[in-house]
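To keep things clear, I will list the structure first and then write my remarks on it.
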Amino acid sequence: MSARPLLGVLLAALVAFTAGAVPTASARPAPPAPRAPHTAVLDGARLQRTKVRLDHGDRQLRDTARALTARADTWLAQGPWTVVDKPRPAPGGDVHDYLSQAPYWWPSTPPAPGNPWGCPYVQRDGQRNPEVDAGTDRQDVEKVFDSTYDLSLAWYYTGEKRYAVKAAQILRTWFLDPATRMNPNLDHAQFIPCKYDGRAIGIIDFSQSYTSVLDALAVLDTGAAGWTKADHAGMAQWNADFLHWLTDSDFGRQEGAAANNHGTFYDLQVAALAYATGDEDLARRTILNARTARIAPQIAADGSQPQELARTRSWHYSAFDLVAYTRLAAIGRHVGVNLWKYRGPDGQSLFKAVDYLLPAATGAAVWPHPELDFSRFAATDVVHAAADAGDRQAQRAVPSLQEPPGGDLWALRPAAEQLDSIAG
């Protein structure tokens with residue numbers, strides 16, 4: 001063989017070897033599979049599967065992810081927040097104690113030098129006193145809850161470090177830094193000027209949203225940038241101390257005895273904290289007890305919730321209570337309790353309670369009970385939850401649901417949230 005043909009053979013072999021050794025862009029290896037977070041309410045394995053779909057280019061999920069990251073982006077330039085920067089400390093004098101004011105209580109007379117609060121205060125159910133958002137920790141703690149949830153999920157789905165770093169900063173400032181941390185109690189939640197220094201029902205300031213923080217912590221624990229072993233240990237201790245206060249304090253016992261949404265949310269918070277801190281037996285007992293202590297007495301045979309229908313915001317509170325129930329049922333999935341399957345002595349069930357909302361949730365009928373500010377989207381998440389649990393009526397209703405402000409994020413965070421504006 002001459003030198004020229006031999007050279008051609010060698011070049012061809014080199015091209016073939018190079019093509020096999022260097023993958024094209026389309027043949028690059030897929031990113032490593034994400035870890036499934038040990039979440040309390042969210043289904044960690046489901047989050048993992050959803051991220052894999054997103055990484056492989058699922059178009060619908062990409063659109064939802066853009067809505068999620070838009071929310072997360074708004075938090076990047078905000079905070080961190082702390083309990084120690086309020087104008088005056090809680091009645092006990094410790095600036096590290098959380099302080100909030102009862103939202104539906106109003107001064108009966110104009111403030112005066114001898115009566116700076118305008119006491120006595122009187123109740124106006126469902127009408128939020130704007131002064132409760134100034135001078136207390138209530139609005140700041142809601143920002144802590146919402147921001148860390150949005151930021152941690154945005155990091156999980158995108159891998160962008162800035163989201164995790166911001167979430168870690170917010171959590172450290174509110175819960176861990178000795179100079180700015182909150183004491184793990186709610187002794188001064190929803191105080192009423194000139195009347196009470198704190199009330200048991202103030203526990204709902206945390207119970208309605210703190211379970212989202214527990215899930216945010218679990219997400220960050222999967223390897224988030226800026227989240228350390230010391231941070232994990234510090235939050236684990238804070239949560240254990242807070243659970244102890246909830247179960248052993250007088251306020252905790254009073255809230256646990258409540259016969260409306262306060263009791264349901266209390267159970268949610270205790271079960272989630274117990275699961276997150278490793279006490280699965282307490283979590284399981286709490287959820288099992290909710291069948292006869294909550295569902296049977298609080299949900300009627302037709303699915304209505306009489307305690308919530310008696311409110312001036314009956315639509316809001318009917319959906320609100322079901323946020324707690326559906327999230328409690330989600331924790332039950334982790335500890336072997338199917339709360340959706342429970343039927344009370346008169347046929348009461350979570351499915352019936354959600355189905356009772358469907359005509360108004362889909363716009364097919366007017367809500368027939370008192371409501372100061374009807375928002376159809378308030379029920380969107382609880383209908384999603386029932387549909388996921390196998391409720392056929394809810395499944396048929398999903399296409400007719402109203403999208404909440406900021407988009408329907410169910411596909412990325414499949415756990416019911418409070419979607420309308422009342423907090424308290």
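Numbering starts fresh at 1 for the residues of each chain in the structure tokens, the chains themselves are lettered A, B, ... in the order given, and ligands are numbered from 1 as they appear.
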
Give me the residues near Arg294 of chain A as a JSON list (two decimals) with N, CA and C atoms, in the first residue's frame, where near means some atom within 9 Å (using only C-alpha atoms) and where sequence neighbours in that chain fewer than 6 positions away do not count.
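Here's the written file selection_7.json:
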```json
[["chain", "number", "residue", "atom", "x", "y", "z"],
["A", 259, "ALA", "N", -62.46, 23.93, 68.84],
["A", 259, "ALA", "CA", -63.37, 23.08, 68.06],
["A", 259, "ALA", "C", -63.59, 23.60, 66.64],
["A", 260, "ASN", "N", -62.73, 24.51, 66.17],
["A", 260, "ASN", "CA", -62.89, 25.00, 64.79],
["A", 260, "ASN", "C", -61.54, 24.94, 64.09],
["A", 263, "GLY", "N", -58.23, 24.45, 66.07],
["A", 263, "GLY", "CA", -57.85, 23.10, 66.49],
["A", 263, "GLY", "C", -57.26, 22.30, 65.35],
["A", 264, "THR", "N", -57.82, 22.45, 64.15],
["A", 264, "THR", "CA", -57.30, 21.71, 63.00],
["A", 264, "THR", "C", -55.88, 22.14, 62.68]]
```

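Within 10 Å of Ala276 of chain A, once only C-alpha atoms are used and residues closer than 6 positions along the same chain are dropped, the contacting residues are His38, Thr39, Ala40, Val41, Thr211, Leu214, Asp215, Leu217, Ala218, Ala236, Asn239, Ala240, Val270 and Ala283 of chain A.
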
Practice prompt. Can you pull out every residue within 7 Å of Tyr163 of chain A, counting only C-alpha atoms, but drop anything in the same chain fewer than 5 positions away, and send it as an NGL selection string?
Written response: :A and (151-152 or 154-155)

Store the residues of this selection in a file with N, CA and C atoms, as a tab-separated table (two decimals), in the first residue's frame.
```
chain	number	residue	atom	x	y	z
A	151	LEU	N	-38.18	30.52	47.87
A	151	LEU	CA	-36.76	30.50	47.51
A	151	LEU	C	-36.18	29.09	47.52
A	152	SER	N	-36.54	28.30	48.52
A	152	SER	CA	-35.99	26.94	48.58
A	152	SER	C	-36.48	26.10	47.40
A	154	ALA	N	-37.48	27.27	44.48
A	154	ALA	CA	-36.85	27.80	43.27
A	154	ALA	C	-35.43	27.26	43.14
A	155	TRP	N	-34.70	27.18	44.26
A	155	TRP	CA	-33.36	26.59	44.20
A	155	TRP	C	-33.43	25.12	43.79
```

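Using only C-alpha atoms for every distance, the candidate list A:Ala200, A:Ala361, A:Val219, A:Ile170 yields A:Val219 as the residue closest to Gly44 of chain A.
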
Item to complete: Could you please write out, as a ChimeraX atom specification, every residue of segment 117-331 of chain A that DSSP assigns to helix (DSSP H, G or I)?
Response: /A:130-133,138-158,161-176,200-207,210-220,229-248,250-256,261-276,280-298,306-309,314-331

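The residue that comes closest to Arg291 of chain A, out of A:Tyr266, A:Tyr325, A:Tyr275, A:Trp315 and on the basis of only C-alpha atoms, is A:Tyr325.
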
Discussion item. List as a PyMOL selection string the protein and nucleic acid residues near segment 395-406 of chain A, meaning an atom at most 7 Å away when only C-alpha atoms are counted, but skip any in the same chain fewer than 4 places from it.
Written reply: chain A and resi 67+361-362+376-377+380+384+387+391+419

Residue subset to file, keeping N, CA and C atoms, as a PDB file, in the first residue's frame:
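What ended up in result_0.pdb:
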```pdb
ATOM      1  N   ALA A  67     -43.236  31.005  36.763  1.00  0.00           N
ATOM      2  CA  ALA A  67     -44.080  31.694  37.740  1.00  0.00           C
ATOM      3  C   ALA A  67     -43.478  31.570  39.138  1.00  0.00           C
ATOM      4  N   ALA A 361     -66.572  27.121  43.852  1.00  0.00           N
ATOM      5  CA  ALA A 361     -65.174  27.122  43.414  1.00  0.00           C
ATOM      6  C   ALA A 361     -65.043  27.133  41.898  1.00  0.00           C
ATOM      7  N   THR A 362     -66.003  26.514  41.217  1.00  0.00           N
ATOM      8  CA  THR A 362     -65.967  26.459  39.747  1.00  0.00           C
ATOM      9  C   THR A 362     -66.760  27.577  39.092  1.00  0.00           C
ATOM     10  N   ARG A 376     -62.977  33.417  44.607  1.00  0.00           N
ATOM     11  CA  ARG A 376     -63.212  32.042  44.158  1.00  0.00           C
ATOM     12  C   ARG A 376     -61.948  31.193  44.242  1.00  0.00           C
ATOM     13  N   PHE A 377     -60.795  31.816  43.972  1.00  0.00           N
ATOM     14  CA  PHE A 377     -59.545  31.059  43.953  1.00  0.00           C
ATOM     15  C   PHE A 377     -59.119  30.563  45.327  1.00  0.00           C
ATOM     16  N   THR A 380     -58.989  26.858  45.321  1.00  0.00           N
ATOM     17  CA  THR A 380     -58.323  26.149  44.224  1.00  0.00           C
ATOM     18  C   THR A 380     -57.396  25.047  44.719  1.00  0.00           C
ATOM     19  N   HIS A 384     -57.547  20.865  44.244  1.00  0.00           N
ATOM     20  CA  HIS A 384     -56.414  20.101  43.699  1.00  0.00           C
ATOM     21  C   HIS A 384     -56.066  18.932  44.617  1.00  0.00           C
ATOM     22  N   ALA A 387     -58.618  16.196  44.355  1.00  0.00           N
ATOM     23  CA  ALA A 387     -58.487  15.536  43.056  1.00  0.00           C
ATOM     24  C   ALA A 387     -57.312  14.567  43.062  1.00  0.00           C
ATOM     25  N   ASP A 391     -60.745  12.054  44.403  1.00  0.00           N
ATOM     26  CA  ASP A 391     -62.117  12.553  44.361  1.00  0.00           C
ATOM     27  C   ASP A 391     -62.500  12.866  42.907  1.00  0.00           C
ATOM     28  N   LEU A 419     -54.703  30.837  50.020  1.00  0.00           N
ATOM     29  CA  LEU A 419     -54.496  31.616  48.815  1.00  0.00           C
ATOM     30  C   LEU A 419     -55.104  33.008  48.837  1.00  0.00           C
TER      31      LEU A 419
END
```

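With only C-alpha atoms as the atoms that count, the residue of A:Ser375, A:Gln169, A:Thr286, A:Thr69 with the shortest distance to Thr228 of chain A is A:Gln169.
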
Item to complete: Tell me, in Å to one decimal, how far atom CA of Thr222 of chain A is from atom CA of Arg413 of chain A.
Response: 16.3 Å

Worksheet item: Near Ser209 of chain A, within 12 Å and counting only C-alpha atoms, which residues show up once chain neighbours fewer than 2 positions away are dropped, as an MDAnalysis selection string?
Response: chainID A and resid 41 141:149 203:207 211:216 265:266 268:269 272 320 323:324 327 415:419 423:424

Give me the residues of segment 34-146 of chain A that have any atom at most 10 Å from an atom of segment 184-188 of chain A; for each, the nearest atom pair and the distance in Å, rounded to one decimal. Use only C-alpha atoms, sort by chain and number, and format it as a Markdown table.
```
| residue | atom | partner | partner_atom | distance |
| --- | --- | --- | --- | --- |
| A:Pro89 | CA | A:His188 | CA | 9.9 |
| A:Ala90 | CA | A:His188 | CA | 6.3 |
| A:Pro91 | CA | A:His188 | CA | 7.2 |
| A:Gly92 | CA | A:His188 | CA | 8.1 |
| A:His96 | CA | A:Pro184 | CA | 9.2 |
| A:Asp97 | CA | A:Asn185 | CA | 7.2 |
| A:Tyr98 | CA | A:Leu186 | CA | 6.2 |
| A:Leu99 | CA | A:His188 | CA | 5.2 |
| A:Ser100 | CA | A:His188 | CA | 6.8 |
| A:Gln101 | CA | A:His188 | CA | 8.5 |
```

Keeping only N, CA, C and O atoms, take the residues you just selected and write them out as a compact mmCIF listing (two decimals), in the first residue's frame.
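Saved file part03.txt follows:
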```txt
# COMPACT_ATOMS: atom_id res chain seq x y z
N PRO A 89 -41.00 46.12 72.70
CA PRO A 89 -41.00 44.67 72.90
C PRO A 89 -42.38 44.15 73.28
O PRO A 89 -43.31 44.92 73.54
N ALA A 90 -42.48 42.84 73.31
CA ALA A 90 -43.71 42.19 73.79
C ALA A 90 -43.94 42.57 75.25
O ALA A 90 -43.02 43.05 75.93
N PRO A 91 -45.16 42.40 75.77
CA PRO A 91 -45.46 42.81 77.15
C PRO A 91 -44.48 42.30 78.19
O PRO A 91 -44.26 42.95 79.21
N GLY A 92 -43.86 41.17 77.96
CA GLY A 92 -42.90 40.65 78.94
C GLY A 92 -41.58 41.38 78.93
O GLY A 92 -40.75 41.20 79.83
N HIS A 96 -36.81 39.42 71.98
CA HIS A 96 -36.73 38.18 71.21
C HIS A 96 -38.05 37.41 71.21
O HIS A 96 -38.17 36.41 70.50
N ASP A 97 -39.01 37.84 72.01
CA ASP A 97 -40.34 37.21 72.00
C ASP A 97 -41.15 37.74 70.83
O ASP A 97 -41.20 38.95 70.57
N TYR A 98 -41.81 36.84 70.15
CA TYR A 98 -42.70 37.20 69.05
C TYR A 98 -43.91 37.97 69.59
O TYR A 98 -44.46 37.65 70.65
N LEU A 99 -44.34 39.00 68.83
CA LEU A 99 -45.48 39.80 69.24
C LEU A 99 -46.40 40.03 68.05
O LEU A 99 -45.95 40.40 66.96
N SER A 100 -47.70 39.77 68.23
CA SER A 100 -48.70 40.14 67.23
C SER A 100 -49.94 40.63 67.95
O SER A 100 -50.12 40.41 69.15
N GLN A 101 -50.80 41.30 67.21
CA GLN A 101 -52.01 41.90 67.78
C GLN A 101 -53.25 41.25 67.17
O GLN A 101 -53.26 40.93 65.98
```

Response to the item:
Pairwise distance, atom CA of Gly223 of chain A with atom CA of Gln139 of chain A, equals 29.6 Å

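Atom pair atom CA of Ala36 of chain A / atom CA of Gln48 of chain A: separated by 5.1 Å.
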
Fill in: Neighbour list for Val83 of chain A as a list in words, cut-off 7 Å, only C-alpha atoms, skip fewer than 3 positions in-chain
Lys86, Val95, His96, Tyr98, Asp137, Trp174, Thr180 and Met182 of chain A

Tell me which protein, DNA and RNA residues are within 10 Å of Ile299 of chain A, counting only C-alpha atoms, leaving out same-chain ones fewer than 3 positions away, and put them as a PDB file with N, CA, C and O atoms, in the first residue's frame.
```pdb
ATOM      1  N   ASN A 260     -62.729  24.506  66.171  1.00  0.00           N
ATOM      2  CA  ASN A 260     -62.890  25.001  64.793  1.00  0.00           C
ATOM      3  C   ASN A 260     -61.542  24.939  64.090  1.00  0.00           C
ATOM      4  O   ASN A 260     -60.703  24.096  64.415  1.00  0.00           O
ATOM      5  N   ARG A 294     -61.846  15.833  65.130  1.00  0.00           N
ATOM      6  CA  ARG A 294     -61.973  16.975  64.222  1.00  0.00           C
ATOM      7  C   ARG A 294     -63.024  16.722  63.144  1.00  0.00           C
ATOM      8  O   ARG A 294     -64.026  17.418  63.060  1.00  0.00           O
ATOM      9  N   ILE A 295     -62.785  15.720  62.306  1.00  0.00           N
ATOM     10  CA  ILE A 295     -63.656  15.516  61.146  1.00  0.00           C
ATOM     11  C   ILE A 295     -65.087  15.194  61.574  1.00  0.00           C
ATOM     12  O   ILE A 295     -66.044  15.819  61.101  1.00  0.00           O
ATOM     13  N   ALA A 296     -65.241  14.238  62.477  1.00  0.00           N
ATOM     14  CA  ALA A 296     -66.595  13.815  62.863  1.00  0.00           C
ATOM     15  C   ALA A 296     -67.418  14.945  63.477  1.00  0.00           C
ATOM     16  O   ALA A 296     -68.570  15.161  63.085  1.00  0.00           O
ATOM     17  N   ASP A 302     -73.562  16.737  55.140  1.00  0.00           N
ATOM     18  CA  ASP A 302     -73.596  17.246  53.770  1.00  0.00           C
ATOM     19  C   ASP A 302     -72.255  17.830  53.322  1.00  0.00           C
ATOM     20  O   ASP A 302     -72.121  18.328  52.203  1.00  0.00           O
ATOM     21  N   GLY A 303     -71.252  17.800  54.201  1.00  0.00           N
ATOM     22  CA  GLY A 303     -69.934  18.325  53.858  1.00  0.00           C
ATOM     23  C   GLY A 303     -69.695  19.746  54.315  1.00  0.00           C
ATOM     24  O   GLY A 303     -68.573  20.249  54.212  1.00  0.00           O
ATOM     25  N   SER A 304     -70.705  20.430  54.806  1.00  0.00           N
ATOM     26  CA  SER A 304     -70.513  21.795  55.291  1.00  0.00           C
ATOM     27  C   SER A 304     -69.750  21.775  56.616  1.00  0.00           C
ATOM     28  O   SER A 304     -69.692  20.748  57.299  1.00  0.00           O
ATOM     29  N   GLN A 305     -69.184  22.910  56.966  1.00  0.00           N
ATOM     30  CA  GLN A 305     -68.461  23.069  58.220  1.00  0.00           C
ATOM     31  C   GLN A 305     -69.189  24.136  59.044  1.00  0.00           C
ATOM     32  O   GLN A 305     -68.916  25.323  58.900  1.00  0.00           O
ATOM     33  N   PRO A 306     -70.125  23.729  59.889  1.00  0.00           N
ATOM     34  CA  PRO A 306     -70.996  24.688  60.584  1.00  0.00           C
ATOM     35  C   PRO A 306     -70.242  25.758  61.358  1.00  0.00           C
ATOM     36  O   PRO A 306     -70.664  26.922  61.383  1.00  0.00           O
ATOM     37  N   GLN A 307     -69.125  25.403  62.008  1.00  0.00           N
ATOM     38  CA  GLN A 307     -68.376  26.405  62.776  1.00  0.00           C
ATOM     39  C   GLN A 307     -67.842  27.499  61.866  1.00  0.00           C
ATOM     40  O   GLN A 307     -67.774  28.676  62.251  1.00  0.00           O
ATOM     41  N   GLU A 308     -67.467  27.133  60.650  1.00  0.00           N
ATOM     42  CA  GLU A 308     -66.908  28.116  59.720  1.00  0.00           C
ATOM     43  C   GLU A 308     -68.015  28.889  58.997  1.00  0.00           C
ATOM     44  O   GLU A 308     -67.840  30.068  58.665  1.00  0.00           O
ATOM     45  N   GLY A 344     -67.093   9.469  58.970  1.00  0.00           N
ATOM     46  CA  GLY A 344     -67.681   9.620  60.292  1.00  0.00           C
ATOM     47  C   GLY A 344     -68.989   8.859  60.403  1.00  0.00           C
ATOM     48  O   GLY A 344     -69.483   8.275  59.421  1.00  0.00           O
ATOM     49  N   ASP A 346     -71.964   9.777  60.440  1.00  0.00           N
ATOM     50  CA  ASP A 346     -73.000  10.275  59.536  1.00  0.00           C
ATOM     51  C   ASP A 346     -72.476  10.453  58.113  1.00  0.00           C
ATOM     52  O   ASP A 346     -73.067  11.186  57.309  1.00  0.00           O
ATOM     53  N   GLY A 347     -71.371   9.795  57.814  1.00  0.00           N
ATOM     54  CA  GLY A 347     -70.789   9.891  56.480  1.00  0.00           C
ATOM     55  C   GLY A 347     -69.863  11.075  56.281  1.00  0.00           C
ATOM     56  O   GLY A 347     -69.457  11.366  55.152  1.00  0.00           O
ATOM     57  N   GLN A 348     -69.490  11.769  57.354  1.00  0.00           N
ATOM     58  CA  GLN A 348     -68.606  12.930  57.229  1.00  0.00           C
ATOM     59  C   GLN A 348     -67.259  12.499  56.651  1.00  0.00           C
ATOM     60  O   GLN A 348     -66.729  11.449  56.997  1.00  0.00           O
ATOM     61  N   SER A 349     -66.697  13.332  55.788  1.00  0.00           N
ATOM     62  CA  SER A 349     -65.393  13.026  55.197  1.00  0.00           C
ATOM     63  C   SER A 349     -64.780  14.285  54.603  1.00  0.00           C
ATOM     64  O   SER A 349     -65.480  15.276  54.341  1.00  0.00           O
ATOM     65  N   LEU A 350     -63.486  14.220  54.380  1.00  0.00           N
ATOM     66  CA  LEU A 350     -62.807  15.345  53.731  1.00  0.00           C
ATOM     67  C   LEU A 350     -63.288  15.500  52.290  1.00  0.00           C
ATOM     68  O   LEU A 350     -63.412  16.627  51.789  1.00  0.00           O
ATOM     69  N   LYS A 352     -66.282  14.968  51.130  1.00  0.00           N
ATOM     70  CA  LYS A 352     -67.559  15.680  51.155  1.00  0.00           C
ATOM     71  C   LYS A 352     -67.355  17.167  51.448  1.00  0.00           C
ATOM     72  O   LYS A 352     -68.056  18.016  50.887  1.00  0.00           O
ATOM     73  N   ALA A 353     -66.416  17.472  52.333  1.00  0.00           N
ATOM     74  CA  ALA A 353     -66.176  18.869  52.676  1.00  0.00           C
ATOM     75  C   ALA A 353     -65.655  19.660  51.480  1.00  0.00           C
ATOM     76  O   ALA A 353     -66.055  20.807  51.249  1.00  0.00           O
TER      77      ALA A 353
END
```

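DSSP, applied to the backbone of this structure, assigns strand (DSSP E or B) to the following residues of segment 10-183 of chain A: Gln101, Trp105, Trp106, Pro107, Ala112, Asn115, Tyr121, Val122 and Gln123 of chain A.
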
Those selected residues, please, written with N, CA, C and O atoms and delivered as a short mmCIF file (atom, residue, chain, number, x, y, z; two decimals), in the first residue's frame.
```cif
data_model
loop_
_atom_site.label_atom_id
_atom_site.label_comp_id
_atom_site.auth_asym_id
_atom_site.auth_seq_id
_atom_site.Cartn_x
_atom_site.Cartn_y
_atom_site.Cartn_z
N GLN A 101 -50.80 41.30 67.21
CA GLN A 101 -52.01 41.90 67.78
C GLN A 101 -53.25 41.25 67.17
O GLN A 101 -53.26 40.93 65.98
N TRP A 105 -59.91 43.12 66.44
CA TRP A 105 -60.26 43.94 67.60
C TRP A 105 -59.86 45.39 67.34
O TRP A 105 -58.76 45.67 66.89
N TRP A 106 -60.80 46.31 67.69
CA TRP A 106 -60.64 47.72 67.35
C TRP A 106 -60.81 48.60 68.59
O TRP A 106 -61.56 48.25 69.50
N PRO A 107 -60.14 49.77 68.63
CA PRO A 107 -60.37 50.69 69.74
C PRO A 107 -61.80 51.22 69.71
O PRO A 107 -62.37 51.46 68.65
N ALA A 112 -56.16 59.01 73.26
CA ALA A 112 -55.98 60.28 73.95
C ALA A 112 -54.80 60.15 74.92
O ALA A 112 -54.36 59.03 75.21
N ASN A 115 -55.41 57.75 77.48
CA ASN A 115 -55.85 56.45 76.96
C ASN A 115 -55.24 56.26 75.57
O ASN A 115 -55.92 56.34 74.56
N TYR A 121 -61.05 47.72 73.77
CA TYR A 121 -61.12 47.23 72.41
C TYR A 121 -62.38 46.37 72.24
O TYR A 121 -62.77 45.65 73.17
N VAL A 122 -62.98 46.44 71.03
CA VAL A 122 -64.18 45.67 70.74
C VAL A 122 -63.95 44.85 69.47
O VAL A 122 -63.17 45.24 68.60
N GLN A 123 -64.63 43.73 69.38
CA GLN A 123 -64.42 42.81 68.27
C GLN A 123 -65.34 43.12 67.09
O GLN A 123 -66.52 43.39 67.26
#
```

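Using only C-alpha atoms, the smallest distance between any of A:Phe242, A:Trp81, A:Trp367, A:Phe351 and Asp177 of chain A comes from A:Trp81.
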
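Nearest to Ala319 of chain A of all the residues A:Gly336, A:Lys229, A:Val383, A:Asp279 is A:Val383, based on only C-alpha atoms.
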
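Each of A:Ala271, A:Val165, A:Leu309, A:Ala300 was compared to Pro368 of chain A using only C-alpha atoms, and A:Leu309 turns out to be the nearest.
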